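J.: Structure provided below as structure tokens; questions to follow.
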Protein chains: 2
Amino acid sequence: MTANVNETEQKILDAAKKVFESSGFNGARMQHIADEAGISKASLHYYFRSKENLFERIFHETMEEFMKVVSTWNDVSEDWELKLREFIVEFFNFLHTNSLLFILRELNRNPELLTKEKPKKKMGFMEYFESLVGKGIIKEMNIPLMYMFMHSLCSYPLLNKVIFKRMLKMNEVQFDAFLADYPNHVADFLIHSIKKSNIKK
Amino acid sequence: MTANVNETEQKILDAAKKVFESSGFNGARMQHIADEAGISKASLHYYFRSKENLFERIFHETMEEFMKVVSTWNDVSEDWELKLREFIVEFFNFLHTNSLLFILRELNRNPELLTKEKPKKKMGFMEYFESLVGKGIIKEMNIPLMYMFMHSLCSYPLLNKVIFKRMLKMNEVQFDAFLADYPNHVADFLIHSIKKSNIKK
DNA sequence: ACTTTTGTTGACCATTTGGTCAAACCAACT
DNA sequence: AGTTGGTTTGACCAAATGGTCAACAAAAGT
């Protein structure tokens, strides 16, 4: 052992994450993971007894990180608009480097996977905005609905990249440029619909 | 031959759609499809030479129907608000009975699948709203962005049902009730942000 | 009736794939 | 040098799985 939790183990985890995310549990091959990690298949099984085992480790870690990002609510600023915008940008960036499709795909294959995750108990989006409504700082509104809207707007464009690119007749570069602005558009849009209207600009 | 394009063939297609949608290409088993269709595996191969073959047929049909719903723009009414609302409701209902996850999953596995689909050339959402903007009937706005918003709001809640249920602490019944109202909320929301504001209510 | 074409299937095959194991390797300790 | 304990791997195995085929059944022509 020693070393930072074992170098080989980490190489395996990285390789496995990559392969499972791109191919899914059913499409992933243990040999492929071993190759990606630069070790033999036998070694792979030495570290993680079974495919199931390795998969659950990866899925759990991914889910953990996802839940962390989703339920962490930045508490430095008092300005809810700024907070919301920062959250959206951060969430969107997170989704850029982590495959949400992986989560949805595997959760659909085996819904039991979710039951193994313990729920976070933290002050999150919902509680925060409910309190804002309570204090009369923002419009009276359906918070769960707003929660859903925000998640949908942040998540779907990346999930559906291939089709959107085609529908909007954009190439890779154009679409990426579009996505670069995207989170701020979402923030503008949501803030505008949440904010108590003074005089419309 | 004769019969409505062959009864057995249809049984196979139905079975294959069901199995492919729920298990994906990699997870689906030819034996499973044969069982579901009530025939032998050999017969299955008699009708469709290979798994690949059968899969592409199913995927193509699903994609065709999806594109049809997405690019059909109801032309009976002159009232854009009503049109939009009807479109959203129809699209949402369609997604209720057709697995969008299937499309995204398989498109991610093999992006080439999309190149085999020929693009529809029809008056759709984008063109219609661009003309509304041109005529000054609705607000000046970023149409591709609005297109993306609409699709995201319609699609994601069903894709992500499992997690939303958990986050919103709802059971199956509560969540379904929530979803029943959902498309109209989306319509309200979008219409409100598109409409030229007279006096705010 | 009988011949031909079209369906149907159990048995079988080749390949893939998750998983095992004994032998080799290697660093540390005595 | 020899022993020990962990690590690595090529070779191998059993099960699963997509696909084939010869034989049989059922229509459809004649």
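Letters A, B, ... go to the chains of the structure tokens in the order shown; residues in each chain start at 1; ligands are counted from 1 in the same order.
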Find the residues around region 62-72 of chain B up to 10 Å (only C-alpha atoms (C1' of nucleotides) counted), leave out those fewer than 5 positions away in its own chain, and share them as a list in words.
T.: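 That gives Met167 of chain A; Lys17, Glu21, Glu56, Arg57, Phe87, Ile88, Glu90, Phe91, Phe94, Leu95, Asn98, Ser99, Leu100, Phe102, Ile103, Leu113, Leu114, Glu117, Lys118, Pro119, Lys120, Lys121, Lys122, Met123, Gly124, Phe125, Met126 and His151 of chain B.
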J.: Could you tell me which residues of chain A sit within 9 Å of chain D when counting only C-alpha atoms (C1' of nucleotides), and give me the result as a PyMOL selection string?
T.: chain A and resi 1+39-43+46
J.: Check which residues of chain B sit at most 9 Å from chain A using only C-alpha atoms, and return one row each with the closest pair of atoms and their distance in Å to one decimal, ordered by chain and rising number, as a Markdown table.
T.:
| residue | atom | partner | partner_atom | distance |
| --- | --- | --- | --- | --- |
| B:Ser22 | CA | A:Arg109 | CA | 7.5 |
| B:Ser23 | CA | A:Arg109 | CA | 6.7 |
| B:Gly24 | CA | A:Asn26 | CA | 8.7 |
| B:Phe25 | CA | A:Gly27 | CA | 8.7 |
| B:Asn26 | CA | A:Gly27 | CA | 5.5 |
| B:Gly27 | CA | A:Asn26 | CA | 5.5 |
| B:Leu101 | CA | A:Arg105 | CA | 7.3 |
| B:Phe102 | CA | A:Arg105 | CA | 8.8 |
| B:Leu104 | CA | A:Asn160 | CA | 6.7 |
| B:Arg105 | CA | A:Arg105 | CA | 7.0 |
| B:Leu107 | CA | A:Val162 | CA | 7.8 |
| B:Asn108 | CA | A:Ser22 | CA | 7.9 |
| B:Arg109 | CA | A:Ser23 | CA | 6.7 |
| B:Pro111 | CA | A:Val162 | CA | 7.8 |
| B:Leu114 | CA | A:Ile163 | CA | 8.2 |
| B:Pro119 | CA | A:Arg166 | CA | 8.6 |
| B:Met126 | CA | A:Leu168 | CA | 8.7 |
| B:Pro144 | CA | A:Leu168 | CA | 6.8 |
| B:Leu145 | CA | A:Tyr182 | CA | 8.2 |
| B:Tyr147 | CA | A:Leu168 | CA | 8.9 |
| B:Met148 | CA | A:Pro157 | CA | 7.0 |
| B:Phe149 | CA | A:Leu153 | CA | 6.1 |
| B:Met150 | CA | A:Leu153 | CA | 8.8 |
| B:His151 | CA | A:Tyr156 | CA | 8.1 |
| B:Ser152 | CA | A:Tyr156 | CA | 5.2 |
| B:Leu153 | CA | A:Ser152 | CA | 5.5 |
| B:Cys154 | CA | A:Ser152 | CA | 8.3 |
| B:Ser155 | CA | A:Tyr156 | CA | 7.5 |
| B:Tyr156 | CA | A:Ser152 | CA | 5.2 |
| B:Pro157 | CA | A:Ser152 | CA | 6.8 |
| B:Leu159 | CA | A:Leu104 | CA | 7.3 |
| B:Asn160 | CA | A:Leu104 | CA | 6.7 |
| B:Val162 | CA | A:Leu107 | CA | 7.8 |
| B:Ile163 | CA | A:Leu114 | CA | 8.2 |
| B:Phe164 | CA | A:Met148 | CA | 7.7 |
| B:Arg166 | CA | A:Pro119 | CA | 8.6 |
| B:Met167 | CA | A:Pro119 | CA | 8.7 |
| B:Leu168 | CA | A:Pro144 | CA | 6.8 |
| B:Phe178 | CA | A:Leu145 | CA | 8.9 |
| B:Tyr182 | CA | A:Leu145 | CA | 8.2 |
| B:His185 | CA | A:Leu145 | CA | 8.3 |
| B:Val186 | CA | A:Phe149 | CA | 8.6 |
| B:Phe189 | CA | A:Ser193 | CA | 8.4 |
| B:Ser193 | CA | A:Ser193 | CA | 7.9 |
| B:Ser197 | CA | A:Lys200 | CA | 8.8 |
| B:Lys200 | CA | A:Lys200 | CA | 8.6 |
J.: Hey, can you spit out that residue selection with N, CA and C atoms as a CSV table (one decimal), in the first residue's frame?
T.:
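To be explicit, this is the file written out as selection02.csv:
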chain,number,residue,atom,x,y,z
B,22,SER,N,-35.7,-0.2,-23.4
B,22,SER,CA,-35.5,-0.3,-21.9
B,22,SER,C,-34.1,-0.8,-21.6
B,23,SER,N,-33.5,-1.6,-22.5
B,23,SER,CA,-32.1,-2.1,-22.2
B,23,SER,C,-31.0,-1.5,-23.0
B,24,GLY,N,-31.3,-0.8,-24.1
B,24,GLY,CA,-30.3,-0.2,-25.0
B,24,GLY,C,-29.7,-1.3,-25.9
B,25,PHE,N,-29.0,-0.9,-26.9
B,25,PHE,CA,-28.4,-1.9,-27.8
B,25,PHE,C,-27.6,-2.9,-27.1
B,26,ASN,N,-26.7,-2.4,-26.3
B,26,ASN,CA,-25.7,-3.3,-25.6
B,26,ASN,C,-26.4,-4.2,-24.6
B,27,GLY,N,-27.4,-3.8,-24.0
B,27,GLY,CA,-28.0,-4.6,-22.9
B,27,GLY,C,-29.1,-5.5,-23.5
B,101,LEU,N,-34.6,9.0,-23.7
B,101,LEU,CA,-33.3,8.4,-23.2
B,101,LEU,C,-32.7,7.4,-24.2
B,102,PHE,N,-33.6,6.7,-24.8
B,102,PHE,CA,-33.2,5.7,-25.8
B,102,PHE,C,-32.4,6.4,-26.9
B,104,LEU,N,-31.0,9.5,-26.9
B,104,LEU,CA,-29.8,10.1,-26.5
B,104,LEU,C,-28.7,9.0,-26.2
B,105,ARG,N,-29.1,8.0,-25.6
B,105,ARG,CA,-28.2,6.9,-25.2
B,105,ARG,C,-27.5,6.3,-26.5
B,107,LEU,N,-27.5,7.6,-29.6
B,107,LEU,CA,-26.8,8.6,-30.3
B,107,LEU,C,-25.4,8.8,-29.8
B,108,ASN,N,-25.3,8.7,-28.5
B,108,ASN,CA,-24.1,8.9,-27.8
B,108,ASN,C,-23.1,7.7,-28.1
B,109,ARG,N,-23.7,6.5,-28.1
B,109,ARG,CA,-22.9,5.3,-28.4
B,109,ARG,C,-22.4,5.3,-29.8
B,111,PRO,N,-22.6,8.1,-32.9
B,111,PRO,CA,-23.1,9.4,-33.5
B,111,PRO,C,-23.4,9.2,-35.0
B,114,LEU,N,-27.1,9.4,-36.5
B,114,LEU,CA,-27.9,10.6,-36.9
B,114,LEU,C,-27.6,10.9,-38.4
B,119,PRO,N,-32.7,15.2,-43.0
B,119,PRO,CA,-33.4,16.3,-42.3
B,119,PRO,C,-34.7,16.7,-42.9
B,126,MET,N,-38.7,27.5,-35.3
B,126,MET,CA,-37.8,28.6,-35.5
B,126,MET,C,-38.3,29.6,-36.5
B,144,PRO,N,-33.0,30.9,-31.4
B,144,PRO,CA,-32.4,29.6,-31.1
B,144,PRO,C,-32.4,29.4,-29.6
B,145,LEU,N,-32.1,30.4,-28.8
B,145,LEU,CA,-32.1,30.3,-27.4
B,145,LEU,C,-33.5,29.8,-26.9
B,147,TYR,N,-35.7,28.3,-28.5
B,147,TYR,CA,-36.0,27.0,-29.0
B,147,TYR,C,-35.4,26.0,-28.0
B,148,MET,N,-34.1,26.3,-27.6
B,148,MET,CA,-33.4,25.4,-26.7
B,148,MET,C,-34.2,25.4,-25.3
B,149,PHE,N,-34.6,26.5,-24.8
B,149,PHE,CA,-35.3,26.6,-23.6
B,149,PHE,C,-36.6,25.7,-23.6
B,150,MET,N,-37.3,25.9,-24.7
B,150,MET,CA,-38.5,25.1,-24.8
B,150,MET,C,-38.3,23.6,-24.8
B,151,HIS,N,-37.3,23.2,-25.6
B,151,HIS,CA,-37.0,21.8,-25.6
B,151,HIS,C,-36.5,21.3,-24.2
B,152,SER,N,-35.7,22.1,-23.6
B,152,SER,CA,-35.1,21.7,-22.3
B,152,SER,C,-36.2,21.5,-21.3
B,153,LEU,N,-37.1,22.5,-21.2
B,153,LEU,CA,-38.2,22.5,-20.2
B,153,LEU,C,-39.1,21.3,-20.5
B,154,CYS,N,-39.3,21.0,-21.7
B,154,CYS,CA,-40.2,19.8,-22.0
B,154,CYS,C,-39.6,18.5,-21.8
B,155,SER,N,-38.3,18.4,-22.1
B,155,SER,CA,-37.7,17.1,-22.2
B,155,SER,C,-37.1,16.6,-20.8
B,156,TYR,N,-36.4,17.5,-20.1
B,156,TYR,CA,-35.6,17.1,-19.0
B,156,TYR,C,-36.4,16.4,-17.9
B,157,PRO,N,-37.5,17.0,-17.5
B,157,PRO,CA,-38.2,16.4,-16.3
B,157,PRO,C,-38.5,15.0,-16.5
B,159,LEU,N,-36.8,12.8,-18.4
B,159,LEU,CA,-35.5,12.1,-18.5
B,159,LEU,C,-35.0,11.9,-17.1
B,160,ASN,N,-35.3,12.9,-16.2
B,160,ASN,CA,-34.6,12.9,-14.9
B,160,ASN,C,-35.6,12.6,-13.8
B,162,VAL,N,-36.4,10.1,-12.0
B,162,VAL,CA,-36.0,9.5,-10.7
B,162,VAL,C,-35.3,10.4,-9.7
B,163,ILE,N,-34.4,11.2,-10.3
B,163,ILE,CA,-33.7,12.2,-9.4
B,163,ILE,C,-34.6,13.3,-8.9
B,164,PHE,N,-35.4,13.8,-9.8
B,164,PHE,CA,-36.3,14.9,-9.3
B,164,PHE,C,-37.3,14.4,-8.2
B,166,ARG,N,-36.8,12.3,-6.1
B,166,ARG,CA,-36.1,12.3,-4.8
B,166,ARG,C,-35.8,13.7,-4.2
B,167,MET,N,-35.3,14.6,-5.1
B,167,MET,CA,-35.0,15.9,-4.7
B,167,MET,C,-36.2,16.7,-4.2
B,168,LEU,N,-37.3,16.5,-4.8
B,168,LEU,CA,-38.5,17.2,-4.4
B,168,LEU,C,-39.3,16.4,-3.4
B,178,PHE,N,-47.9,16.3,-10.3
B,178,PHE,CA,-47.1,17.5,-10.7
B,178,PHE,C,-46.8,17.6,-12.2
B,182,TYR,N,-47.6,20.2,-15.5
B,182,TYR,CA,-46.3,20.8,-15.9
B,182,TYR,C,-46.3,21.5,-17.3
B,185,HIS,N,-47.7,24.9,-17.2
B,185,HIS,CA,-46.7,25.8,-16.5
B,185,HIS,C,-45.7,26.3,-17.5
B,186,VAL,N,-45.1,25.3,-18.3
B,186,VAL,CA,-44.1,25.7,-19.2
B,186,VAL,C,-44.6,26.7,-20.2
B,189,PHE,N,-45.1,30.1,-18.7
B,189,PHE,CA,-43.7,30.7,-18.5
B,189,PHE,C,-43.1,31.3,-19.8
B,193,SER,N,-42.7,35.3,-21.2
B,193,SER,CA,-41.4,35.9,-21.5
B,193,SER,C,-41.3,36.3,-23.0
B,197,SER,N,-45.0,43.1,-23.5
B,197,SER,CA,-45.7,43.5,-22.3
B,197,SER,C,-46.5,44.8,-22.5
B,200,LYS,N,-48.1,45.3,-16.9
B,200,LYS,CA,-48.0,44.1,-16.1
B,200,LYS,C,-49.2,44.0,-15.2
J.: Which chain A residues have any atom within 9 Å of an atom of chain C, and for each, what is the nearest pair of atoms with distance in Å to one decimal, counting only C-alpha atoms (C1' of nucleotides), rows sorted by chain and number, as a tab-separated table?
T.:
residue	atom	partner	partner_atom	distance
A:Arg29	CA	C:DT17	C1'	7.8
A:Met30	CA	C:DG18	C1'	7.6
A:Gln31	CA	C:DT17	C1'	8.8
A:Ala42	CA	C:DG19	C1'	8.7
A:His45	CA	C:DG19	C1'	7.8
A:Arg49	CA	C:DG19	C1'	8.7
A:Ser50	CA	C:DG19	C1'	7.7
A:Lys51	CA	C:DG18	C1'	7.6
J.: Can you list every residue in region 94-147 of chain B that DSSP puts in alpha helix (DSSP H), as a PyMOL selection string?
T.: chain B and resi 94-97+100-109+112-115+125-134+143-147
